[in-house]
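> What follows is a structure written as structure tokens; I'll ask about it next.
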Amino acid sequence: MELDLPFIWAAIIAFAVLAYVVLDGFDLGVGILFPFFPEKHDRDVMMNSVAPVWDGNETWLVLGGGGLLAVFPLAYATILPALYAPLIAMLLALIFRGVAFEYRWRTKRAEWLWNLAFAGGSTVAAFTQGVALGALVQGIPVANRAYSGGWWDWLTPFSIMTGFALLIGYALLGATWLVMRTTGELAERARWFSFVTAFGTVAAMGIVSLWTPYLKPEYLDRWFLYPGALFTVIVPLLVGGCLYGIITGLQHNKDTRPFLCALGLFVLAYIGIGISFYPYIVPTSVTIWDAAAPNESLSFLLVGAAVLVPAILIYTSYAYWVFRGKIDPEEGYH
């Protein structure tokens with residue numbers, strides 16, 4: 001039986017993007033919350049909680065973006081021109097944020113500047129990722145296998161809404177991460193932010209979920225006709241279960257549960273997007289089979305992925321295992 005290589009590669013890239021969102025999401029969330037913790041000691045601990053893993057988390061972004069170029073070149077050539085502005089802003093924000101990790105610990109006089117770079121870079125990166133997602137969901141006009149829209153087509157009320165939704169969601173991941181990894185007053189303040197952002201995230205998910213089916217007739221059919229209608233019933237119940245897990249975990253000092261349930265919210269949202277998209281990679285213009293490179297190229301690249309993806313998973317798992325547990329407030333920068 002011949003393998004459906006475009007489908008396999010679509011699954012690999014989808015996994016890479018999900019891994020990036022849930023892993024880099026919480027350290028972006030820590031940066032988003034940075035301005036709400038004015039004490040230098042708290043900020044030191046917050047950055048130290050993500051310092052050992054933040055750069056490894058971004059490996060998945062490189063894998064997803066590079067894989068899209070190599071495996072689905074038509075999609076890459078179509079999506080990038082449509083989203084140049086938010087994606088360039090995201091990359092610049094990630095650069096400033098990455099530099100801030102190193103420079104903030106090397107200066108006292110300009111520490112305020114690198115605090116701003118870390119918080120601002122995290123916020124801008126999160127917001128522009130949400131805007132790019134919203135622009136992709138609402139559809140990219142394609143004519144003759146090329147982007148046929150304008151420079152500002154990505155900027156719509158829906159994309160702005162998804163930008164704020166992802167910003168709040170990342171703040172939830174960051175807050176629950178701090179609950180899980182820190183102690184004392186810092187953890188208690190993070191617990192309060194977890195309550196607020198949990199309800200904010202679920203509310204934002206509800207707004208976006210109700211809005212999305214009316215963007216495209218295909219989405220409406222997918223969600224309200226059988227068998228997609230089954231997910232329309234099941235997903236809200238699962239979202240409610242995750243919210244319940246976050247709240248009860250926070251109330252009963254089960255510090256790991258809120259973070260895991262927050263990740264569950266993101267996984268559910270991602271599955272919902274996948275249900276809306278499939279089989280399109282550029283909704284609703286280009287399918288994964290239309291956009292795929294020749295099978296010979298996909299087969300060659302799959303050999304590399306079979307080695308690379310498990311290696312990244314092993315390294316990532318090991319890093320999180322080594323740096324597990326609560327942060328020592330007196331530890332220096334890793």
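Ligands are numbered from 1 in the order shown, chains are lettered A, B, ... in the order of the structure tokens, and residues start at 1 in each chain.
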Report as a PDB file with all heavy atoms, in the first residue's frame all protein, DNA and RNA residues lying within 9 Å of segment 265-273 of chain A, evaluated on only C-alpha atoms, omitting residues in the same chain fewer than 2 positions from it.

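Written file, part.pdb:
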ATOM      1  N   LEU A  18       1.809  22.645  16.905  1.00  0.00           N
ATOM      2  CA  LEU A  18       1.169  22.474  18.210  1.00  0.00           C
ATOM      3  C   LEU A  18       2.211  22.435  19.325  1.00  0.00           C
ATOM      4  O   LEU A  18       2.030  23.060  20.381  1.00  0.00           O
ATOM      5  CB  LEU A  18       0.345  21.191  18.225  1.00  0.00           C
ATOM      6  CG  LEU A  18      -0.308  20.838  19.577  1.00  0.00           C
ATOM      7  CD1 LEU A  18      -1.275  21.926  20.017  1.00  0.00           C
ATOM      8  CD2 LEU A  18      -1.011  19.481  19.490  1.00  0.00           C
ATOM      9  N   VAL A  21       3.340  25.930  20.016  1.00  0.00           N
ATOM     10  CA  VAL A  21       2.328  26.749  20.687  1.00  0.00           C
ATOM     11  C   VAL A  21       2.264  26.420  22.173  1.00  0.00           C
ATOM     12  O   VAL A  21       2.257  27.320  23.029  1.00  0.00           O
ATOM     13  CB  VAL A  21       0.951  26.560  20.019  1.00  0.00           C
ATOM     14  CG1 VAL A  21      -0.158  27.155  20.884  1.00  0.00           C
ATOM     15  CG2 VAL A  21       0.941  27.194  18.635  1.00  0.00           C
ATOM     16  N   VAL A  22       2.224  25.136  22.522  1.00  0.00           N
ATOM     17  CA  VAL A  22       2.054  24.778  23.930  1.00  0.00           C
ATOM     18  C   VAL A  22       3.352  24.939  24.721  1.00  0.00           C
ATOM     19  O   VAL A  22       3.306  25.205  25.928  1.00  0.00           O
ATOM     20  CB  VAL A  22       1.508  23.342  24.093  1.00  0.00           C
ATOM     21  CG1 VAL A  22       0.139  23.219  23.450  1.00  0.00           C
ATOM     22  CG2 VAL A  22       2.458  22.295  23.537  1.00  0.00           C
ATOM     23  N   VAL A 137      -7.286  31.649   9.086  1.00  0.00           N
ATOM     24  CA  VAL A 137      -8.600  31.020   9.245  1.00  0.00           C
ATOM     25  C   VAL A 137      -9.645  31.709   8.367  1.00  0.00           C
ATOM     26  O   VAL A 137     -10.492  31.045   7.757  1.00  0.00           O
ATOM     27  CB  VAL A 137      -9.045  31.061  10.724  1.00  0.00           C
ATOM     28  CG1 VAL A 137     -10.503  30.640  10.876  1.00  0.00           C
ATOM     29  CG2 VAL A 137      -8.154  30.142  11.571  1.00  0.00           C
ATOM     30  N   GLY A 169      -4.649  33.648  26.191  1.00  0.00           N
ATOM     31  CA  GLY A 169      -4.351  32.234  26.381  1.00  0.00           C
ATOM     32  C   GLY A 169      -2.908  31.998  26.795  1.00  0.00           C
ATOM     33  O   GLY A 169      -2.633  31.191  27.693  1.00  0.00           O
ATOM     34  N   THR A 201      -9.703  33.270  28.819  1.00  0.00           N
ATOM     35  CA  THR A 201      -9.369  32.390  27.700  1.00  0.00           C
ATOM     36  C   THR A 201     -10.596  31.636  27.200  1.00  0.00           C
ATOM     37  O   THR A 201     -10.833  31.548  25.991  1.00  0.00           O
ATOM     38  CB  THR A 201      -8.278  31.382  28.122  1.00  0.00           C
ATOM     39  OG1 THR A 201      -7.092  32.099  28.495  1.00  0.00           O
ATOM     40  CG2 THR A 201      -7.946  30.432  26.983  1.00  0.00           C
ATOM     41  N   VAL A 202     -11.371  31.084  28.117  1.00  0.00           N
ATOM     42  CA  VAL A 202     -12.572  30.341  27.717  1.00  0.00           C
ATOM     43  C   VAL A 202     -13.581  31.270  27.042  1.00  0.00           C
ATOM     44  O   VAL A 202     -14.212  30.899  26.043  1.00  0.00           O
ATOM     45  CB  VAL A 202     -13.199  29.639  28.938  1.00  0.00           C
ATOM     46  CG1 VAL A 202     -14.553  29.034  28.583  1.00  0.00           C
ATOM     47  CG2 VAL A 202     -12.254  28.549  29.447  1.00  0.00           C
ATOM     48  N   MET A 205     -12.251  31.916  23.583  1.00  0.00           N
ATOM     49  CA  MET A 205     -12.480  30.730  22.762  1.00  0.00           C
ATOM     50  C   MET A 205     -13.923  30.650  22.301  1.00  0.00           C
ATOM     51  O   MET A 205     -14.209  30.299  21.150  1.00  0.00           O
ATOM     52  CB  MET A 205     -12.111  29.463  23.551  1.00  0.00           C
ATOM     53  CG  MET A 205     -10.628  29.267  23.771  1.00  0.00           C
ATOM     54  SD  MET A 205     -10.287  27.802  24.798  1.00  0.00           S
ATOM     55  CE  MET A 205     -10.843  26.480  23.706  1.00  0.00           C
ATOM     56  N   SER A 209     -15.015  30.742  18.463  1.00  0.00           N
ATOM     57  CA  SER A 209     -15.691  29.530  17.986  1.00  0.00           C
ATOM     58  C   SER A 209     -17.053  29.847  17.371  1.00  0.00           C
ATOM     59  O   SER A 209     -17.449  29.224  16.383  1.00  0.00           O
ATOM     60  CB  SER A 209     -15.861  28.538  19.140  1.00  0.00           C
ATOM     61  OG  SER A 209     -14.608  28.124  19.646  1.00  0.00           O
ATOM     62  N   PHE A 231     -18.655  16.919  17.189  1.00  0.00           N
ATOM     63  CA  PHE A 231     -17.589  17.673  17.848  1.00  0.00           C
ATOM     64  C   PHE A 231     -18.123  18.985  18.421  1.00  0.00           C
ATOM     65  O   PHE A 231     -17.626  19.481  19.431  1.00  0.00           O
ATOM     66  CB  PHE A 231     -16.457  17.941  16.868  1.00  0.00           C
ATOM     67  CG  PHE A 231     -15.720  16.709  16.447  1.00  0.00           C
ATOM     68  CD1 PHE A 231     -16.020  16.072  15.258  1.00  0.00           C
ATOM     69  CD2 PHE A 231     -14.727  16.165  17.244  1.00  0.00           C
ATOM     70  CE1 PHE A 231     -15.353  14.921  14.865  1.00  0.00           C
ATOM     71  CE2 PHE A 231     -14.051  15.015  16.871  1.00  0.00           C
ATOM     72  CZ  PHE A 231     -14.364  14.394  15.676  1.00  0.00           C
ATOM     73  N   VAL A 235     -16.804  19.197  22.162  1.00  0.00           N
ATOM     74  CA  VAL A 235     -15.723  20.128  22.483  1.00  0.00           C
ATOM     75  C   VAL A 235     -16.087  21.084  23.624  1.00  0.00           C
ATOM     76  O   VAL A 235     -15.283  21.270  24.556  1.00  0.00           O
ATOM     77  CB  VAL A 235     -15.279  20.901  21.222  1.00  0.00           C
ATOM     78  CG1 VAL A 235     -14.351  22.061  21.594  1.00  0.00           C
ATOM     79  CG2 VAL A 235     -14.572  19.960  20.257  1.00  0.00           C
ATOM     80  N   LEU A 238     -15.647  19.310  26.882  1.00  0.00           N
ATOM     81  CA  LEU A 238     -14.243  19.117  27.235  1.00  0.00           C
ATOM     82  C   LEU A 238     -13.598  20.421  27.691  1.00  0.00           C
ATOM     83  O   LEU A 238     -12.779  20.429  28.623  1.00  0.00           O
ATOM     84  CB  LEU A 238     -13.487  18.540  26.032  1.00  0.00           C
ATOM     85  CG  LEU A 238     -13.901  17.132  25.590  1.00  0.00           C
ATOM     86  CD1 LEU A 238     -13.145  16.719  24.332  1.00  0.00           C
ATOM     87  CD2 LEU A 238     -13.644  16.121  26.702  1.00  0.00           C
ATOM     88  N   VAL A 239     -13.964  21.532  27.040  1.00  0.00           N
ATOM     89  CA  VAL A 239     -13.462  22.839  27.470  1.00  0.00           C
ATOM     90  C   VAL A 239     -13.921  23.124  28.903  1.00  0.00           C
ATOM     91  O   VAL A 239     -13.134  23.591  29.742  1.00  0.00           O
ATOM     92  CB  VAL A 239     -13.945  23.953  26.508  1.00  0.00           C
ATOM     93  CG1 VAL A 239     -13.673  25.335  27.111  1.00  0.00           C
ATOM     94  CG2 VAL A 239     -13.239  23.827  25.161  1.00  0.00           C
ATOM     95  N   CYS A 242     -11.805  21.162  31.296  1.00  0.00           N
ATOM     96  CA  CYS A 242     -10.478  21.767  31.490  1.00  0.00           C
ATOM     97  C   CYS A 242     -10.556  22.974  32.414  1.00  0.00           C
ATOM     98  O   CYS A 242      -9.709  23.157  33.296  1.00  0.00           O
ATOM     99  CB  CYS A 242      -9.881  22.170  30.148  1.00  0.00           C
ATOM    100  SG  CYS A 242      -9.344  20.794  29.120  1.00  0.00           S
ATOM    101  N   LEU A 243     -11.581  23.812  32.216  1.00  0.00           N
ATOM    102  CA  LEU A 243     -11.745  24.984  33.089  1.00  0.00           C
ATOM    103  C   LEU A 243     -11.982  24.536  34.532  1.00  0.00           C
ATOM    104  O   LEU A 243     -11.403  25.113  35.465  1.00  0.00           O
ATOM    105  CB  LEU A 243     -12.917  25.831  32.592  1.00  0.00           C
ATOM    106  CG  LEU A 243     -13.244  27.081  33.423  1.00  0.00           C
ATOM    107  CD1 LEU A 243     -12.057  28.043  33.447  1.00  0.00           C
ATOM    108  CD2 LEU A 243     -14.481  27.786  32.884  1.00  0.00           C
ATOM    109  N   LEU A 260      -1.531  21.699  33.217  1.00  0.00           N
ATOM    110  CA  LEU A 260      -1.896  20.628  32.283  1.00  0.00           C
ATOM    111  C   LEU A 260      -3.275  20.877  31.676  1.00  0.00           C
ATOM    112  O   LEU A 260      -3.486  20.643  30.481  1.00  0.00           O
ATOM    113  CB  LEU A 260      -1.862  19.282  32.997  1.00  0.00           C
ATOM    114  CG  LEU A 260      -0.488  18.818  33.504  1.00  0.00           C
ATOM    115  CD1 LEU A 260      -0.612  17.479  34.224  1.00  0.00           C
ATOM    116  CD2 LEU A 260       0.515  18.718  32.365  1.00  0.00           C
ATOM    117  N   CYS A 261      -4.202  21.369  32.475  1.00  0.00           N
ATOM    118  CA  CYS A 261      -5.544  21.650  31.947  1.00  0.00           C
ATOM    119  C   CYS A 261      -5.521  22.848  31.003  1.00  0.00           C
ATOM    120  O   CYS A 261      -6.282  22.890  30.025  1.00  0.00           O
ATOM    121  CB  CYS A 261      -6.521  21.900  33.092  1.00  0.00           C
ATOM    122  SG  CYS A 261      -6.916  20.411  34.055  1.00  0.00           S
ATOM    123  N   ALA A 262      -4.656  23.823  31.277  1.00  0.00           N
ATOM    124  CA  ALA A 262      -4.503  24.951  30.356  1.00  0.00           C
ATOM    125  C   ALA A 262      -3.956  24.467  29.017  1.00  0.00           C
ATOM    126  O   ALA A 262      -4.399  24.917  27.945  1.00  0.00           O
ATOM    127  CB  ALA A 262      -3.586  26.009  30.964  1.00  0.00           C
ATOM    128  N   LEU A 263      -2.998  23.548  29.063  1.00  0.00           N
ATOM    129  CA  LEU A 263      -2.508  22.943  27.828  1.00  0.00           C
ATOM    130  C   LEU A 263      -3.642  22.217  27.107  1.00  0.00           C
ATOM    131  O   LEU A 263      -3.728  22.246  25.874  1.00  0.00           O
ATOM    132  CB  LEU A 263      -1.378  21.955  28.129  1.00  0.00           C
ATOM    133  CG  LEU A 263      -0.066  22.533  28.657  1.00  0.00           C
ATOM    134  CD1 LEU A 263       0.952  21.406  28.880  1.00  0.00           C
ATOM    135  CD2 LEU A 263       0.515  23.565  27.713  1.00  0.00           C
ATOM    136  N   ILE A 275     -10.157  20.587  12.427  1.00  0.00           N
ATOM    137  CA  ILE A 275     -11.428  20.120  11.872  1.00  0.00           C
ATOM    138  C   ILE A 275     -11.953  21.117  10.840  1.00  0.00           C
ATOM    139  O   ILE A 275     -12.471  20.737   9.781  1.00  0.00           O
ATOM    140  CB  ILE A 275     -12.458  19.916  12.996  1.00  0.00           C
ATOM    141  CG1 ILE A 275     -12.045  18.738  13.891  1.00  0.00           C
ATOM    142  CG2 ILE A 275     -13.855  19.679  12.440  1.00  0.00           C
ATOM    143  CD1 ILE A 275     -12.870  18.597  15.146  1.00  0.00           C
ATOM    144  N   SER A 276     -11.797  22.398  11.124  1.00  0.00           N
ATOM    145  CA  SER A 276     -12.266  23.427  10.189  1.00  0.00           C
ATOM    146  C   SER A 276     -11.444  23.431   8.899  1.00  0.00           C
ATOM    147  O   SER A 276     -11.985  23.609   7.807  1.00  0.00           O
ATOM    148  CB  SER A 276     -12.197  24.808  10.852  1.00  0.00           C
ATOM    149  OG  SER A 276     -13.032  24.882  11.984  1.00  0.00           O
ATOM    150  N   PHE A 277     -10.125  23.239   9.038  1.00  0.00           N
ATOM    151  CA  PHE A 277      -9.218  23.367   7.888  1.00  0.00           C
ATOM    152  C   PHE A 277      -9.267  22.175   6.936  1.00  0.00           C
ATOM    153  O   PHE A 277      -9.270  22.349   5.720  1.00  0.00           O
ATOM    154  CB  PHE A 277      -7.779  23.512   8.390  1.00  0.00           C
ATOM    155  CG  PHE A 277      -7.371  24.921   8.687  1.00  0.00           C
ATOM    156  CD1 PHE A 277      -8.317  25.879   9.026  1.00  0.00           C
ATOM    157  CD2 PHE A 277      -6.045  25.291   8.642  1.00  0.00           C
ATOM    158  CE1 PHE A 277      -7.950  27.179   9.313  1.00  0.00           C
ATOM    159  CE2 PHE A 277      -5.659  26.592   8.922  1.00  0.00           C
ATOM    160  CZ  PHE A 277      -6.606  27.529   9.266  1.00  0.00           C
ATOM    161  N   TYR A 278      -9.191  20.974   7.487  1.00  0.00           N
ATOM    162  CA  TYR A 278      -8.938  19.780   6.682  1.00  0.00           C
ATOM    163  C   TYR A 278      -9.950  19.658   5.540  1.00  0.00           C
ATOM    164  O   TYR A 278     -11.146  19.833   5.741  1.00  0.00           O
ATOM    165  CB  TYR A 278      -8.997  18.534   7.576  1.00  0.00           C
ATOM    166  CG  TYR A 278      -8.615  17.274   6.853  1.00  0.00           C
ATOM    167  CD1 TYR A 278      -7.278  16.954   6.664  1.00  0.00           C
ATOM    168  CD2 TYR A 278      -9.589  16.408   6.345  1.00  0.00           C
ATOM    169  CE1 TYR A 278      -6.933  15.800   5.991  1.00  0.00           C
ATOM    170  CE2 TYR A 278      -9.235  15.267   5.668  1.00  0.00           C
ATOM    171  CZ  TYR A 278      -7.897  14.964   5.486  1.00  0.00           C
ATOM    172  OH  TYR A 278      -7.539  13.839   4.805  1.00  0.00           O
TER     173      TYR A 278
END
> Quick one: residues within 12 Å of Val124 of chain A, only C-alpha atoms counted, chain neighbours fewer than 5 positions away excluded, as a short mmCIF file (atom, residue, chain, number, x, y, z; two decimals) with C-alpha atoms, in the first residue's frame?

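The resulting part12.cif:
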data_model
loop_
_atom_site.label_atom_id
_atom_site.label_comp_id
_atom_site.auth_asym_id
_atom_site.auth_seq_id
_atom_site.Cartn_x
_atom_site.Cartn_y
_atom_site.Cartn_z
CA LEU A 28 5.77 33.98 26.11
CA GLY A 29 3.06 34.10 28.77
CA GLY A 31 6.86 37.73 29.44
CA ILE A 32 3.29 38.99 28.96
CA PRO A 86 2.56 40.17 11.24
CA LEU A 87 5.22 37.48 10.69
CA ILE A 88 8.06 39.99 10.37
CA ALA A 89 6.81 41.75 13.50
CA MET A 90 6.71 38.38 15.29
CA LEU A 91 10.27 37.48 14.30
CA LEU A 92 11.65 40.88 15.34
CA ALA A 93 9.82 40.58 18.66
CA LEU A 94 11.29 37.09 19.25
CA ILE A 95 14.77 38.43 18.48
CA PHE A 96 14.50 41.27 21.00
CA ARG A 97 13.07 38.87 23.54
CA LEU A 116 10.87 46.26 28.18
CA ALA A 117 12.37 44.12 25.40
CA PHE A 118 11.41 40.91 27.17
CA ALA A 119 7.85 41.99 28.03
CA GLN A 129 0.83 34.96 16.08
CA GLY A 130 -2.85 35.25 16.90
CA VAL A 131 -3.40 37.80 14.15
CA ALA A 132 -1.64 35.56 11.62
CA GLY A 163 -4.70 38.13 18.40
CA PHE A 164 -6.16 39.14 21.75
CA LEU A 166 -4.02 34.11 21.94
CA LEU A 167 -2.53 36.85 24.09
CA TYR A 170 -0.57 32.56 26.55
#
> For Phe34 of chain A, find every residue with an atom within 12 Å (counting only C-alpha atoms), except residues of its own chain fewer than 2 positions away, and show them as a PDB file with C-alpha atoms, in the first residue's frame.

ATOM      1  CA  ASP A  27       7.351  31.309  28.297  1.00  0.00           C
ATOM      2  CA  LEU A  28       5.772  33.983  26.113  1.00  0.00           C
ATOM      3  CA  GLY A  29       3.061  34.102  28.769  1.00  0.00           C
ATOM      4  CA  VAL A  30       5.667  34.740  31.461  1.00  0.00           C
ATOM      5  CA  GLY A  31       6.864  37.727  29.436  1.00  0.00           C
ATOM      6  CA  ILE A  32       3.294  38.986  28.957  1.00  0.00           C
ATOM      7  CA  PHE A  36       2.443  43.010  36.492  1.00  0.00           C
ATOM      8  CA  PHE A  37       5.325  41.879  38.737  1.00  0.00           C
ATOM      9  CA  PRO A  38       7.344  45.052  39.407  1.00  0.00           C
ATOM     10  CA  GLU A  39       9.752  43.603  41.986  1.00  0.00           C
ATOM     11  CA  LYS A  40      13.186  42.820  40.583  1.00  0.00           C
ATOM     12  CA  HIS A  41      13.473  39.603  42.586  1.00  0.00           C
ATOM     13  CA  ASP A  42      10.167  38.324  41.219  1.00  0.00           C
ATOM     14  CA  ARG A  43      11.218  39.160  37.676  1.00  0.00           C
ATOM     15  CA  ASP A  44      14.529  37.367  38.145  1.00  0.00           C
ATOM     16  CA  VAL A  45      12.722  34.226  39.304  1.00  0.00           C
ATOM     17  CA  MET A  46      10.189  34.462  36.466  1.00  0.00           C
ATOM     18  CA  MET A  47      12.904  34.603  33.815  1.00  0.00           C
ATOM     19  CA  TRP A 112      14.795  48.661  32.355  1.00  0.00           C
ATOM     20  CA  TRP A 114      15.802  44.741  28.553  1.00  0.00           C
ATOM     21  CA  ASN A 115      12.793  44.333  30.823  1.00  0.00           C
ATOM     22  CA  LEU A 116      10.874  46.257  28.178  1.00  0.00           C
ATOM     23  CA  ALA A 117      12.375  44.118  25.397  1.00  0.00           C
ATOM     24  CA  PHE A 118      11.406  40.907  27.174  1.00  0.00           C
ATOM     25  CA  ALA A 119       7.855  41.990  28.030  1.00  0.00           C
ATOM     26  CA  GLY A 120       7.259  43.849  24.775  1.00  0.00           C
ATOM     27  CA  GLY A 121       8.792  41.130  22.629  1.00  0.00           C
ATOM     28  CA  SER A 122       6.684  38.459  24.307  1.00  0.00           C
ATOM     29  CA  THR A 123       3.481  40.492  23.960  1.00  0.00           C
ATOM     30  CA  ALA A 171      -0.942  34.642  29.709  1.00  0.00           C
ATOM     31  CA  GLY A 174       2.448  31.639  31.790  1.00  0.00           C
ATOM     32  CA  ALA A 175       0.458  32.141  34.994  1.00  0.00           C
ATOM     33  CA  LEU A 178       4.518  30.140  37.509  1.00  0.00           C
ATOM     34  CA  LEU A 186       5.043  35.234  43.481  1.00  0.00           C
ATOM     35  CA  ARG A 189      -0.067  36.383  42.615  1.00  0.00           C
ATOM     36  CA  ALA A 190       0.325  34.015  39.667  1.00  0.00           C
ATOM     37  CA  PHE A 193      -3.761  35.775  37.364  1.00  0.00           C
TER      38      PHE A 193
END
> Hey, what's within 10 Å of segment 6-8 of chain A if we count only C-alpha atoms and toss same-chain stuff fewer than 3 positions away? As number ranges by chain, please?
A: 3, 11-14, 71-72, 279, 287-295, 298-299, 302
> Please list as a list in words every residue within 8 Å of Ala204 of chain A, counting only C-alpha atoms and excluding residues in the same chain fewer than 4 positions away.
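So the residues in contact are Ala165, Gly200 and Val208 of chain A.
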> For the residues selected in the previous step, produce a file with N, CA, C and O atoms as a PDB file, in the first residue's frame.

ATOM      1  N   ALA A 165      -7.172  36.922  21.749  1.00  0.00           N
ATOM      2  CA  ALA A 165      -7.491  35.619  22.335  1.00  0.00           C
ATOM      3  C   ALA A 165      -6.211  34.842  22.646  1.00  0.00           C
ATOM      4  O   ALA A 165      -6.074  34.251  23.735  1.00  0.00           O
ATOM      5  N   GLY A 200     -10.989  34.354  31.063  1.00  0.00           N
ATOM      6  CA  GLY A 200     -10.801  35.160  29.865  1.00  0.00           C
ATOM      7  C   GLY A 200     -10.507  34.316  28.639  1.00  0.00           C
ATOM      8  O   GLY A 200     -11.029  34.581  27.542  1.00  0.00           O
ATOM      9  N   VAL A 208     -14.515  33.313  19.461  1.00  0.00           N
ATOM     10  CA  VAL A 208     -13.887  32.902  18.200  1.00  0.00           C
ATOM     11  C   VAL A 208     -14.607  31.687  17.615  1.00  0.00           C
ATOM     12  O   VAL A 208     -14.831  31.602  16.392  1.00  0.00           O
TER      13      VAL A 208
END
> Give the strand (DSSP E) residues of segment 131-290 of chain A, as DSSP finds them on the backbone, and put them as a PyMOL selection string.
chain A and resi 142-143+146-147+280-282+286-287
> For atom CA of Val282 of chain A and atom CA of Pro236 of chain A, quote the distance in Å rounded to one decimal.
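Spanning atom CA of Val282 of chain A to atom CA of Pro236 of chain A is a straight-line distance of 26.1 Å.
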> With only C-alpha atoms as the atoms that count, which of A:Ala125, A:Ala10, A:Val196, A:Ala82 lies nearest to Tyr147 of chain A?
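Distance minimum relative to Tyr147 of chain A lands on A:Ala82.
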> Between atom CA of Ser194 of chain A and atom CA of Ala19 of chain A, measure the distance and give it in Å to one decimal.
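Computing it gives 21.4 Å between the two atoms.
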> In Å, with one decimal, what is the gap from atom CA of Met180 of chain A to atom CA of Asp255 of chain A?
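Between atom CA of Met180 of chain A and atom CA of Asp255 of chain A the gap is 4.8 Å.
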> Pull the helix (DSSP H, G or I) assignments for segment 69-305 of chain A out of DSSP run on the backbone, and list those residues as a PyMOL selection string.
chain A and resi 69-71+73-82+84-106+111-138+157-181+184-214+217-224+228-251+256-277+288-291+295-305
